[in-house]
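Next comes run-v4.txt, a file with compact mmCIF, C-alpha atoms.
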```txt
# COMPACT_ATOMS: atom_id res chain seq x y z
CA MET A 1 112.73 197.04 205.24
CA PRO A 2 111.37 194.16 203.16
CA THR A 3 113.51 191.40 201.80
CA THR A 4 113.53 192.11 198.08
CA LYS A 5 115.19 189.77 195.65
CA THR A 6 114.76 188.07 192.32
CA LEU A 7 114.24 184.34 192.77
CA ASP A 8 116.22 181.94 190.62
CA THR A 9 113.39 179.42 190.72
CA ASP A 10 109.90 180.45 189.69
CA PRO A 11 107.50 179.29 192.45
CA GLN A 12 104.94 178.31 189.80
CA ALA A 13 107.44 175.93 188.23
CA THR A 14 107.88 174.11 191.52
CA GLY A 15 104.15 173.74 192.08
CA ALA A 16 104.02 176.29 194.91
CA THR A 17 100.91 178.43 195.18
CA MET A 18 101.70 182.07 195.76
CA THR A 19 98.99 183.91 197.68
CA SER A 20 98.68 187.41 199.06
CA ARG A 21 100.26 186.07 202.26
CA THR A 22 103.18 184.20 200.72
CA ALA A 23 104.18 185.78 197.38
CA PRO A 24 107.75 187.05 197.71
CA THR A 25 108.56 190.70 197.21
CA ARG A 26 110.86 191.01 194.22
CA THR A 27 112.61 193.98 192.63
CA ILE A 28 113.36 194.88 189.05
CA ASN A 29 115.54 197.71 187.77
CA VAL A 30 113.48 200.22 185.79
CA GLY A 31 115.67 202.97 184.35
CA GLY A 32 117.99 202.82 187.34
CA THR A 33 115.23 202.67 189.96
CA PRO A 34 114.39 199.43 191.84
CA PHE A 35 110.64 198.73 191.59
CA ALA A 36 109.14 196.37 194.19
CA TYR A 37 106.51 193.92 192.97
CA ARG A 38 104.74 190.62 193.67
CA GLU A 39 103.24 188.03 191.35
CA PHE A 40 100.29 185.76 192.04
CA GLY A 41 98.45 182.98 190.22
CA PRO A 42 99.39 180.96 187.12
CA ARG A 43 102.06 182.40 184.80
CA THR A 44 99.89 181.94 181.72
CA GLY A 45 97.84 184.23 179.54
CA VAL A 46 97.77 188.03 179.59
CA PRO A 47 98.77 189.27 183.06
CA LEU A 48 96.54 191.60 185.07
CA VAL A 49 98.59 194.54 186.41
CA LEU A 50 97.20 196.28 189.50
CA LEU A 51 97.46 200.07 189.89
CA HIS A 52 96.84 201.26 193.43
CA HIS A 53 95.13 204.09 195.33
CA TYR A 54 96.36 207.23 197.05
CA THR A 55 98.82 206.39 199.90
CA ALA A 56 98.76 202.66 199.09
CA VAL A 57 101.64 200.17 199.07
CA LEU A 58 101.79 196.51 198.09
CA ASP A 59 100.30 195.39 201.39
CA ASP A 60 97.18 197.49 200.90
CA TRP A 61 95.58 195.31 198.22
CA ASP A 62 92.61 193.40 199.61
CA PRO A 63 93.68 189.73 199.86
CA ARG A 64 90.18 188.57 198.84
CA VAL A 65 90.48 190.49 195.58
CA ILE A 66 94.05 189.40 194.83
CA ASP A 67 93.58 185.74 195.75
CA GLY A 68 90.15 185.55 194.13
CA ILE A 69 91.40 186.82 190.78
CA ALA A 70 94.73 184.96 191.02
CA ALA A 71 92.88 181.67 191.41
CA LYS A 72 92.50 181.84 187.62
CA ARG A 73 94.65 184.70 186.35
CA HIS A 74 98.27 185.85 186.46
CA VAL A 75 98.26 188.96 188.68
CA ILE A 76 101.08 191.47 189.19
CA ALA A 77 101.10 194.19 191.85
CA PHE A 78 103.84 196.79 192.30
CA ASP A 79 104.72 199.87 194.32
CA ASN A 80 104.72 203.19 192.49
CA ARG A 81 107.94 205.22 192.32
CA GLY A 82 108.84 206.67 195.72
CA VAL A 83 106.29 204.51 197.55
CA GLY A 84 106.65 201.39 199.71
CA GLY A 85 109.48 199.19 198.52
CA THR A 86 110.19 201.15 195.31
CA GLY A 87 112.99 203.71 195.16
CA GLY A 88 113.08 207.19 193.71
CA SER A 89 110.75 210.15 194.27
CA VAL A 90 106.98 210.31 193.77
CA PRO A 91 106.06 211.82 190.38
CA HIS A 92 104.16 215.11 190.48
CA THR A 93 101.57 214.19 187.85
CA ILE A 94 99.40 211.23 186.97
CA ASP A 95 100.89 211.26 183.46
CA GLU A 96 104.34 210.67 184.97
CA MET A 97 102.96 207.88 187.16
CA ALA A 98 101.50 206.28 184.03
CA ALA A 99 104.86 206.51 182.27
CA ASP A 100 106.47 204.74 185.24
CA ALA A 101 103.87 201.97 185.10
CA VAL A 102 104.48 201.47 181.37
CA ALA A 103 108.24 201.34 181.93
CA PHE A 104 107.74 198.76 184.70
CA ILE A 105 105.50 196.58 182.52
CA ARG A 106 107.97 196.70 179.65
CA ALA A 107 110.89 195.96 181.98
CA LEU A 108 109.10 192.71 182.84
CA GLY A 109 108.98 191.94 179.13
CA TYR A 110 105.26 192.22 178.42
CA GLU A 111 103.87 193.58 175.16
CA GLN A 112 100.23 193.42 176.29
CA VAL A 113 98.53 193.43 179.69
CA ASP A 114 95.17 193.90 181.34
CA LEU A 115 94.88 196.69 183.91
CA LEU A 116 92.96 197.05 187.16
CA GLY A 117 93.20 200.60 188.44
CA PHE A 118 91.60 201.58 191.74
CA SER A 119 91.04 205.27 192.59
CA LEU A 120 94.32 207.06 191.72
CA GLY A 121 95.27 203.88 189.88
CA GLY A 122 92.16 204.24 187.73
CA GLY A 123 93.39 207.63 186.56
CA ILE A 124 96.75 206.10 185.75
CA ALA A 125 95.06 203.28 183.83
CA GLN A 126 93.12 205.78 181.69
CA VAL A 127 96.33 207.54 180.67
CA ILE A 128 98.02 204.24 179.78
CA ALA A 129 95.04 203.12 177.69
CA LEU A 130 95.02 206.45 175.83
CA ASP A 131 98.77 206.83 175.30
CA HIS A 132 99.67 203.16 174.77
CA PRO A 133 96.57 201.49 173.30
CA LYS A 134 98.48 198.48 171.97
CA LEU A 135 99.78 197.70 175.46
CA VAL A 136 96.31 197.38 177.01
CA ARG A 137 93.97 194.52 176.15
CA ARG A 138 91.22 195.21 178.73
CA ALA A 139 90.89 197.62 181.65
CA ILE A 140 89.00 197.70 184.93
CA LEU A 141 88.45 201.17 186.44
CA ALA A 142 87.27 201.02 190.05
CA GLY A 143 86.39 203.92 192.35
CA THR A 144 87.66 206.48 189.87
CA GLY A 145 86.54 209.27 187.60
CA PRO A 146 87.59 211.19 184.47
CA ARG A 147 90.28 213.84 184.30
CA GLY A 148 88.81 217.33 184.62
CA GLY A 149 85.55 215.86 185.84
CA GLY A 150 85.17 218.29 188.72
CA GLY A 151 84.97 217.43 192.39
CA ILE A 152 88.18 215.41 192.35
CA GLU A 153 90.10 218.60 193.11
CA LYS A 154 88.36 218.61 196.52
CA MET A 155 90.23 215.47 197.52
CA PRO A 156 92.75 217.26 199.78
CA LEU A 157 89.93 218.66 201.95
CA ILE A 158 88.09 215.33 202.04
CA ALA A 159 91.29 213.50 203.00
CA ALA A 160 92.15 216.08 205.70
CA LYS A 161 88.76 215.65 207.37
CA ALA A 162 89.10 211.86 207.32
CA TYR A 163 92.60 211.98 208.79
CA THR A 164 91.34 214.22 211.59
CA LYS A 165 88.52 211.80 212.42
CA ALA A 166 90.98 208.91 212.24
CA ALA A 167 93.35 210.60 214.69
CA LEU A 168 90.52 211.33 217.13
CA THR A 169 89.20 207.76 217.01
CA ARG A 170 92.58 205.99 216.58
CA ARG A 171 91.42 204.33 213.37
CA ASP A 172 92.74 204.06 209.86
CA PRO A 173 91.42 206.92 207.65
CA ARG A 174 89.99 204.35 205.24
CA HIS A 175 87.26 203.64 207.78
CA PHE A 176 85.91 207.07 206.83
CA LEU A 177 87.05 207.35 203.21
CA PHE A 178 86.19 203.90 201.84
CA PHE A 179 83.05 202.82 203.69
CA ASN A 180 79.65 204.16 204.71
CA ARG A 181 79.28 205.13 208.34
CA ASN A 182 76.29 202.86 208.89
CA PRO A 183 76.23 199.36 210.46
CA ASN A 184 76.97 197.59 207.15
CA GLY A 185 79.75 199.98 206.26
CA LYS A 186 81.36 199.88 209.68
CA ARG A 187 81.35 196.09 209.64
CA ALA A 188 82.80 196.03 206.12
CA ALA A 189 85.53 198.46 207.17
CA THR A 190 86.51 196.36 210.18
CA GLU A 191 86.65 193.19 208.08
CA TYR A 192 88.65 194.90 205.32
CA MET A 193 91.23 196.32 207.73
CA ALA A 194 91.60 192.88 209.35
CA ARG A 195 92.24 191.30 205.95
CA LEU A 196 95.04 193.77 205.25
CA LYS A 197 96.89 192.41 208.30
CA GLU A 198 96.77 188.78 207.18
CA ARG A 199 100.23 188.99 205.63
CA THR A 200 102.67 189.03 208.55
CA GLU A 201 106.09 188.67 206.89
CA ASP A 202 108.03 190.45 204.14
CA ARG A 203 105.84 193.54 204.31
CA VAL A 204 106.90 196.85 202.76
CA LYS A 205 107.21 200.18 204.53
CA GLY A 206 104.29 202.60 204.53
CA ILE A 207 104.12 205.78 202.49
CA SER A 208 105.83 208.92 203.80
CA MET A 209 104.00 212.16 204.54
CA GLN A 210 105.93 213.94 201.79
CA ALA A 211 104.84 211.31 199.28
CA ARG A 212 101.20 211.66 200.41
CA ILE A 213 101.31 215.41 199.77
CA ILE A 214 102.79 214.99 196.30
CA GLN A 215 100.17 212.40 195.37
CA LEU A 216 97.39 214.71 196.56
CA LYS A 217 98.74 217.52 194.39
CA ALA A 218 98.81 215.17 191.39
CA ILE A 219 95.19 214.17 192.03
CA ARG A 220 94.12 217.81 192.35
CA GLU A 221 95.95 218.70 189.13
CA ALA A 222 94.04 215.96 187.33
CA GLY A 223 90.73 217.16 188.75
CA LEU A 224 91.37 220.65 187.39
CA GLY A 225 92.96 219.52 184.13
CA THR A 226 91.68 219.44 180.58
CA PRO A 227 89.36 216.42 180.15
CA HIS A 228 90.60 213.47 178.13
CA ASP A 229 88.82 212.39 174.98
CA LEU A 230 87.69 209.08 176.41
CA SER A 231 86.06 208.10 173.12
CA LYS A 232 89.59 207.14 172.03
CA ILE A 233 89.62 204.26 174.54
CA THR A 234 88.33 201.45 172.34
CA GLN A 235 89.35 198.51 174.51
CA PRO A 236 86.68 196.77 176.60
CA VAL A 237 86.43 198.53 179.97
CA PHE A 238 84.69 197.48 183.20
CA VAL A 239 83.81 200.43 185.46
CA ALA A 240 82.88 199.70 189.10
CA ASN A 241 82.13 201.70 192.25
CA GLY A 242 79.94 201.86 195.31
CA ASP A 243 76.74 203.89 195.19
CA ASN A 244 77.88 206.43 197.81
CA ASP A 245 81.53 207.29 197.10
CA VAL A 246 82.61 210.32 199.16
CA MET A 247 86.04 210.51 197.52
CA VAL A 248 85.16 210.21 193.83
CA ALA A 249 81.42 210.73 193.43
CA SER A 250 79.71 207.64 192.05
CA SER A 251 78.27 209.80 189.28
CA TYR A 252 81.81 210.21 187.90
CA SER A 253 82.10 206.45 187.47
CA GLU A 254 78.79 206.54 185.62
CA GLU A 255 80.17 209.34 183.45
CA LEU A 256 83.26 207.24 182.67
CA ALA A 257 81.09 204.39 181.48
CA ARG A 258 79.05 206.74 179.28
CA ARG A 259 82.08 208.36 177.67
CA ILE A 260 84.07 205.17 176.97
CA PRO A 261 82.55 203.46 173.90
CA ASN A 262 82.99 199.83 174.94
CA ALA A 263 82.36 200.05 178.70
CA LYS A 264 80.16 198.19 181.16
CA LEU A 265 79.20 199.54 184.59
CA ALA A 266 78.61 197.97 188.02
CA ILE A 267 77.46 200.09 190.97
CA TYR A 268 77.39 198.15 194.24
CA PRO A 269 74.65 199.00 196.76
CA ASP A 270 75.08 200.47 200.26
CA SER A 271 78.80 200.99 199.78
CA GLY A 272 81.33 203.74 199.19
CA HIS A 273 84.74 204.25 197.61
CA GLY A 274 85.77 200.77 198.76
CA GLY A 275 82.66 199.16 197.29
CA VAL A 276 84.72 196.67 195.27
CA PHE A 277 86.31 195.48 198.52
CA GLN A 278 83.10 195.44 200.53
CA HIS A 279 81.44 193.48 197.69
CA HIS A 280 84.49 191.40 196.73
CA ASP A 281 82.23 188.35 196.49
CA LYS A 282 80.48 190.02 193.54
CA PHE A 283 83.38 192.03 192.15
CA VAL A 284 85.88 189.18 191.74
CA PRO A 285 83.56 186.93 189.68
CA ALA A 286 82.60 189.96 187.56
CA VAL A 287 86.29 190.71 186.91
CA LEU A 288 87.04 187.13 185.95
CA GLU A 289 84.05 186.99 183.61
CA PHE A 290 85.10 190.29 182.03
CA LEU A 291 88.70 189.20 181.53
CA GLU A 292 87.73 185.84 180.07
CA ALA A 293 85.17 187.22 177.61
CA ALA A 294 86.02 186.64 173.95
```

As structure tokens, the full file:
Amino acid sequence: MPTTKTLDTDPQATGATMTSRTAPTRTINVGGTPFAYREFGPRTGVPLVLLHHYTAVLDDWDPRVIDGIAAKRHVIAFDNRGVGGTGGSVPHTIDEMAADAVAFIRALGYEQVDLLGFSLGGGIAQVIALDHPKLVRRAILAGTGPRGGGGIEKMPLIAAKAYTKAALTRRDPRHFLFFNRNPNGKRAATEYMARLKERTEDRVKGISMQARIIQLKAIREAGLGTPHDLSKITQPVFVANGDNDVMVASSYSEELARRIPNAKLAIYPDSGHGGVFQHHDKFVPAVLEFLEAA
């Protein structure tokens, strides 16, 4: 179990630099449930809240993305309810996950934030932007698609195949879900998985099998659900994906950008669902430019 505590002294105030390797895991009470989170970068400006993918915990954020953005921005990552270091049970719908995220943000005392949602997190970010427009200044939607877009309901089958391949090859399923199975993709997968191991202390526990199943059901429900009216998202939005996403077809990211009035789109070449990690050297500067735009 991780060491989770609220520090009396803010590391930023003492001049310490908190990175993906060193940021302490803290907890905050949200409606009676302890939520685990970490903060990175300067404590100034509108914070960027990260919303994570299916099965992910705090330690699954790519350090190059976190540290790259946190070099200039205040970044906050947290574990969803029932996952990693956070207590409670996993919600059964994406709408409930969004409500948890909003409660967490407000428990920290913020009236406005930026959001970066990856995959499942991108679906959560869309709900927050629609239901709580005053809370969201700007949003980044990576490796994700629209509710009711079709195809997303096939996620359980796609995940099952990847987990079978992973078991047979003794590899993490993300080798098969996030990256192309060509030389560039295999190299990117190996490098990505190595980066996730850079933090060696104060790590959180992995997701349980029961929690994985509930998350999959929530994703499938969203894939089959009534589409959102994305024209109501008026905030600036940056949509990003690889050009060969086997989990959420890249065309769905293109559809998101078309349906959101004030959206820009980046599709990274020769990459899959994890294109923003494979191309972190392009994605991070694009995120910082987007967040800093007037």

**Q.** One-decimal distance in Å that lies between atom CA of A:Gly185 and atom CA of A:Ala222
**A.** 28.6 Å

(Q) When you count all atoms listed in the file, which of these residues is closest to A:Lys264: A:Met193, A:Ala166, A:Ile140, A:Leu48? (A)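 Selected residue with least distance to A:Lys264: A:Ile140.
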
(Q) For a test of reading the model, state the distance in Å between atom CA of A:Val75 and atom CA of A:Leu256, rounded to one decimal. (A) 24.4 Å

Q. So which residues touch stretch 76-82 of chain A within 7 Å, counting all atoms listed in the file, skipping near sequence neighbours fewer than 5 positions away, as JSON, numbers by chain?
A. {"A": [35, 36, 37, 38, 39, 40, 47, 48, 49, 50, 57, 58, 87, 88, 89, 90]}

Q) Using all atoms listed in the file, which residue out of A:Thr44, A:Lys161, A:Gly143, A:Gly149 lies closest to A:Leu265? A)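 Using all atoms listed in the file, A:Leu265 sits closest to A:Gly143.
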
Q. Counting only C-alpha atoms, what is within 12 Å of A:Arg203, bar same-chain residues fewer than 3 positions away, as a list of chain:residue names?
A. A:Met1, A:Pro2, A:Thr3, A:Thr4, A:Ser20, A:Arg21, A:Thr22, A:Ala23, A:Pro24, A:Thr25, A:Arg26, A:Ala36, A:Tyr37, A:Arg38, A:Val57, A:Leu58, A:Asp59, A:Asp60, A:Asp79, A:Gly84, A:Gly85, A:Leu196, A:Lys197, A:Glu198, A:Arg199, A:Thr200, A:Gly206

Q.
Using only C-alpha atoms, can you tell me which of A:Lys72, A:Arg106, A:Arg174, A:His132 comes closest to A:Asn29?
A.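 Checking each candidate against A:Asn29, we get A:Arg106 as the closest.
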
Q | Length of the atom CA of A:Val30 to atom CA of A:Glu111 vector [Å] | A |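 So the two atoms, atom CA of A:Val30 and atom CA of A:Glu111, lie 15.8 Å apart.
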
**Q.** Nearest to A:Gly122 by atom-to-atom distance, counting only C-alpha atoms, from A:Asn241, A:Gly109, A:Gly225, A:Pro42
**A.** A:Asn241

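In this comparison, which uses only C-alpha atoms, the residue of A:Gly117, A:Gly223, A:Gly242, A:Gly41 approaching A:Lys154 most closely is A:Gly223.
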
Q: Counting all atoms listed in the file, note down every residue that has an atom within 9 Å of the point (81.9, 213.5, 181.4) (file coordinates), as a ChimeraX atom specification.
A: /A:145-149,227,230,252,254-256,258-259

Please dump the current selection as a PDB file, in the frame of the given file; keep C-alpha atoms.
```
ATOM      1  CA  GLY A 145      86.540 209.270 187.600  1.00  0.00           C
ATOM      2  CA  PRO A 146      87.590 211.190 184.470  1.00  0.00           C
ATOM      3  CA  ARG A 147      90.280 213.840 184.300  1.00  0.00           C
ATOM      4  CA  GLY A 148      88.810 217.330 184.620  1.00  0.00           C
ATOM      5  CA  GLY A 149      85.550 215.860 185.840  1.00  0.00           C
ATOM      6  CA  PRO A 227      89.360 216.420 180.150  1.00  0.00           C
ATOM      7  CA  LEU A 230      87.690 209.080 176.410  1.00  0.00           C
ATOM      8  CA  TYR A 252      81.810 210.210 187.900  1.00  0.00           C
ATOM      9  CA  GLU A 254      78.790 206.540 185.620  1.00  0.00           C
ATOM     10  CA  GLU A 255      80.170 209.340 183.450  1.00  0.00           C
ATOM     11  CA  LEU A 256      83.260 207.240 182.670  1.00  0.00           C
ATOM     12  CA  ARG A 258      79.050 206.740 179.280  1.00  0.00           C
ATOM     13  CA  ARG A 259      82.080 208.360 177.670  1.00  0.00           C
TER      14      ARG A 259
END
```

Using 8 Å as the limit and counting only C-alpha atoms, can you tabulate each residue of stretch 55-125 of chain A that touches stretch 271-280 of chain A, with its shortest atom-to-atom distance in Å and the two atoms involved, as a Markdown table?
```
| residue | atom | partner | partner_atom | distance |
| --- | --- | --- | --- | --- |
| A:Asp62 | CA | A:Phe277 | CA | 6.7 |
| A:Arg64 | CA | A:His280 | CA | 6.7 |
| A:Val65 | CA | A:His280 | CA | 6.2 |
```

Q: For A:Thr55, list every protein, DNA or RNA residue within 9 Å, evaluated using all atoms listed in the file, and leave out those in the same chain fewer than 3 positions away; present the list as number ranges by chain.
A: A: 52, 83, 206-208, 211-212, 215

Q | For A:Ile124, the nearest of the candidates A:Thr169, A:Tyr54, A:Ala189, A:Ala162, counting all atoms listed in the file | A | A:Tyr54
